[in-house]
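**Student:** One structure, as structure tokens, below. Some questions next.
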Amino acid sequence: MLWPFVAPVALSRVTLGLHYPNDVAAGAGIGAALAGLIVIII
């Protein structure tokens, strides 16, 4: 639902050199996993 807002922020972090691509991918993966877990629990 928030992908249109999150994707540009994630890409800008890499483009501006504030984060490595692996950092952004790991954060996205952890966030997606936790969201999925919460959906299953609730």
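By convention here, the chains of the structure tokens are called A, B, ... in the order presented, each chain's residues are numbered starting at 1, and ligands are numbered starting at 1 in the order presented.
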For the alpha helix (DSSP H) assignment from backbone DSSP, which residues of chain A qualify? Please present them as a PyMOL selection string.
**Tutor:** chain A and resi 3-15+21-41
**Student:** Fewer than 6 positions away in the same chain doesn't count, so skip those; otherwise give me all residues within 8 Å of range 20-33 of chain A, counting only C-alpha atoms, as a list of chain:residue names.
**Tutor:**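 Selected residues are A:Ala10, A:Arg13, A:Val14.
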**Student:** One decimal, in Å: what's the spacing between CA of Ala35 in chain A and CA of Val6 in chain A?
**Tutor:** 14.3 Å
**Student:** As an exercise, work out the distance from CA of Leu16 in chain A to CA of Pro4 in chain A in Å and give it to one decimal place.
**Tutor:**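 Separation of CA of Leu16 in chain A and CA of Pro4 in chain A: 19.0 Å.
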